[in-house]
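A short worksheet on the structure shown next.
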Amino acid sequence: MNVLPTVFFILESFHFWGHLTVLLGWRLLPRKDLVRQFPYFISDTLTVFLSYFFIIQQLQWLAVLQIIEHVLVVCTWEKHYWTKKVVSWSSLDWTGSRMVPDIWLSTFFDVAVHGIDAVILATMISLQEVMLSCLLTGVAFCAVFFNSKFAWSNPKSVPQWVAKRIQPCEKY
């Protein structure tokens with residue numbers, strides 16, 4: 001078993017599905033909960049760095065662009081207008097359009113970076129490892145995004161206990 005490529009395939013697949021879910025607005029968190037997810041952006045950046053530079057060893061320029069974007073987000077977390085806007089747009093609290101071009105493109109870029117990484121990593125492992133990894137990713141994804149104990153919700157069907165955590169916003 002190719003342990004590192006398999007582990008990073010799972011991580012990058014999870015990041016891909018998580019970002020796609022937020023990009024399309026399928027499952028979102030209340031803003032107050034999303035703000036506390038700051039460490040996720042660090043882990044997201046770290047998996048891209050380690051994967052592109054040490055495992056697949058190609059397309060580092062793509063990783064550098066994503067890393068710069070994430071370092072800027074991390075360094076300005078809840079301090080800069082754009083970062084506050086990204087967090088707000090990514091939350092259940094957002095009442096504006098989902099088509100905010102700069103945030104949509106930035107999130108789409110992130111989805112693409114994780115997707116490209118996952119595809120390249122998949123070529124480095126066996127078909128059985130890919131299938132098992134996809135199963136594990138699906139279980140982990142459902143355990144996080146569809147767990148009734150977490151506040152991740154479909155914006156069209158928000159449980160009452162989650163709705164109490166929402167403070168509608170369009171700007172921050």
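Following the order of the structure tokens, chains are lettered A, B, ..., residues in each are numbered from 1, and ligands are numbered from 1.
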
Give me, as JSON lines, each residue of region 26-53 of chain A that comes within 10 Å of region 133-145 of chain A, together with its shortest interatomic pair and the distance in Å at one decimal, counting only C-alpha atoms, with rows ordered by chain and rising residue number.
```
{"residue": "A:Trp26", "atom": "CA", "partner": "A:Phe145", "partner_atom": "CA", "distance": 9.7}
{"residue": "A:Arg27", "atom": "CA", "partner": "A:Phe145", "partner_atom": "CA", "distance": 6.9}
{"residue": "A:Leu28", "atom": "CA", "partner": "A:Phe145", "partner_atom": "CA", "distance": 8.5}
{"residue": "A:Leu29", "atom": "CA", "partner": "A:Phe145", "partner_atom": "CA", "distance": 9.4}
```

Write the residues of the preceding selection, restricted to N, CA, C and O atoms, as a compact mmCIF listing (two decimals), in the first residue's frame.
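The resulting file, out_35.txt, is shown below:
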```txt
# COMPACT_ATOMS: atom_id res chain seq x y z
N TRP A 26 -24.70 23.88 -0.79
CA TRP A 26 -25.47 22.70 -0.40
C TRP A 26 -25.56 22.55 1.11
O TRP A 26 -26.59 22.18 1.64
N ARG A 27 -24.44 22.77 1.80
CA ARG A 27 -24.39 22.66 3.25
C ARG A 27 -23.50 23.80 3.74
O ARG A 27 -22.38 23.98 3.24
N LEU A 28 -23.99 24.55 4.71
CA LEU A 28 -23.25 25.69 5.25
C LEU A 28 -23.39 25.71 6.76
O LEU A 28 -24.30 25.10 7.32
N LEU A 29 -22.49 26.43 7.40
CA LEU A 29 -22.53 26.63 8.85
C LEU A 29 -23.00 28.04 9.17
O LEU A 29 -22.80 28.95 8.37
```

>> I want to know what sits within 12 Å of Leu121 (chain A), based on only C-alpha atoms, with residues of the same chain fewer than 2 positions away left out; could you give that as a ChimeraX atom specification?
In response: /A:2-13,48,51-52,54-58,114-119,123-127,129-130,133

> Interatomic distance between CA of Gly96 (chain A) and CA of Glu170 (chain A)?
Replying inline: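 Computing it gives 5.1 Å between the two atoms.
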
> Neighbours of Glu69 (chain A) within 10 Å (only C-alpha atoms; same-chain residues fewer than 3 positions away dropped), as number ranges by chain?
Replying inline: A: 45, 63-66, 72-74, 106, 109-110

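Nearest to Arg31 (chain A) of all the residues A:Ala163, A:Ala122, A:Val111, A:Val87 is A:Val87, counting only C-alpha atoms.
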
Which residues are close to Ser88 (chain A), i.e. within 12 Å by only C-alpha atoms, leaving aside same-chain residues fewer than 5 positions away? Reply as a short mmCIF file (atom, residue, chain, number, x, y, z; two decimals) with N, CA and C atoms, in the first residue's frame.
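The resulting part02.cif:
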```cif
data_model
loop_
_atom_site.label_atom_id
_atom_site.label_comp_id
_atom_site.auth_asym_id
_atom_site.auth_seq_id
_atom_site.Cartn_x
_atom_site.Cartn_y
_atom_site.Cartn_z
N VAL A 22 -19.67 23.94 -0.13
CA VAL A 22 -19.83 25.35 0.25
C VAL A 22 -20.02 26.21 -1.00
N LEU A 28 -23.99 24.55 4.71
CA LEU A 28 -23.25 25.69 5.25
C LEU A 28 -23.39 25.71 6.76
N LEU A 29 -22.49 26.43 7.40
CA LEU A 29 -22.53 26.63 8.85
C LEU A 29 -23.00 28.04 9.17
N PRO A 30 -23.58 28.26 10.35
CA PRO A 30 -23.80 29.63 10.79
C PRO A 30 -22.45 30.35 10.87
N ARG A 31 -22.45 31.63 10.60
CA ARG A 31 -21.21 32.40 10.57
C ARG A 31 -20.42 32.26 11.86
N LYS A 32 -21.12 32.33 13.01
CA LYS A 32 -20.41 32.27 14.29
C LYS A 32 -19.67 30.95 14.47
N ASP A 33 -20.17 29.87 13.85
CA ASP A 33 -19.48 28.59 13.91
C ASP A 33 -18.35 28.52 12.88
N LEU A 34 -18.59 29.11 11.72
CA LEU A 34 -17.59 29.10 10.66
C LEU A 34 -16.35 29.88 11.07
N VAL A 35 -16.52 30.97 11.79
CA VAL A 35 -15.38 31.77 12.24
C VAL A 35 -14.42 30.92 13.08
N TRP A 77 -7.62 36.94 9.03
CA TRP A 77 -8.85 36.31 9.53
C TRP A 77 -9.62 37.26 10.43
N GLU A 78 -10.82 37.59 10.03
CA GLU A 78 -11.73 38.46 10.79
C GLU A 78 -11.16 39.85 11.05
N TYR A 81 -11.76 43.38 5.39
CA TYR A 81 -13.09 43.35 4.78
C TYR A 81 -13.29 42.11 3.91
N TRP A 82 -12.30 41.79 3.04
CA TRP A 82 -12.47 40.68 2.11
C TRP A 82 -12.59 39.35 2.85
N THR A 83 -11.77 39.16 3.87
CA THR A 83 -11.84 37.90 4.63
C THR A 83 -13.17 37.78 5.35
N ASP A 93 -25.64 32.59 7.28
CA ASP A 93 -26.10 33.95 7.58
C ASP A 93 -26.23 34.81 6.32
N TRP A 94 -25.53 34.44 5.24
CA TRP A 94 -25.47 35.24 4.03
C TRP A 94 -26.85 35.36 3.40
N THR A 95 -27.29 36.59 3.15
CA THR A 95 -28.60 36.83 2.53
C THR A 95 -28.47 37.37 1.11
N GLY A 96 -27.25 37.67 0.69
CA GLY A 96 -27.04 38.20 -0.65
C GLY A 96 -26.98 37.09 -1.69
N SER A 97 -26.59 37.47 -2.89
CA SER A 97 -26.48 36.53 -4.00
C SER A 97 -25.34 35.55 -3.74
N ARG A 98 -25.50 34.31 -4.19
CA ARG A 98 -24.41 33.33 -4.11
C ARG A 98 -23.37 33.61 -5.20
N VAL A 100 -21.16 35.98 -6.08
CA VAL A 100 -20.26 37.10 -5.81
C VAL A 100 -18.96 36.72 -6.53
N ILE A 103 -15.39 36.00 -4.75
CA ILE A 103 -15.41 34.90 -3.79
C ILE A 103 -15.71 33.59 -4.51
N ILE A 166 -28.12 31.89 13.69
CA ILE A 166 -27.94 32.70 12.48
C ILE A 166 -28.33 34.15 12.73
N GLN A 167 -27.48 35.06 12.23
CA GLN A 167 -27.78 36.48 12.25
C GLN A 167 -27.63 36.96 10.81
N PRO A 168 -28.75 37.03 10.06
CA PRO A 168 -28.67 37.34 8.63
C PRO A 168 -27.78 38.55 8.32
N CYS A 169 -26.95 38.38 7.29
CA CYS A 169 -26.06 39.46 6.87
C CYS A 169 -25.89 39.42 5.36
N GLU A 170 -25.52 40.54 4.81
CA GLU A 170 -25.14 40.61 3.42
C GLU A 170 -23.74 41.18 3.31
N LYS A 171 -23.34 41.98 4.30
CA LYS A 171 -22.01 42.58 4.28
C LYS A 171 -21.42 42.48 5.68
N TYR A 172 -20.10 42.48 5.71
CA TYR A 172 -19.37 42.55 6.98
C TYR A 172 -18.21 43.46 6.86
#
```
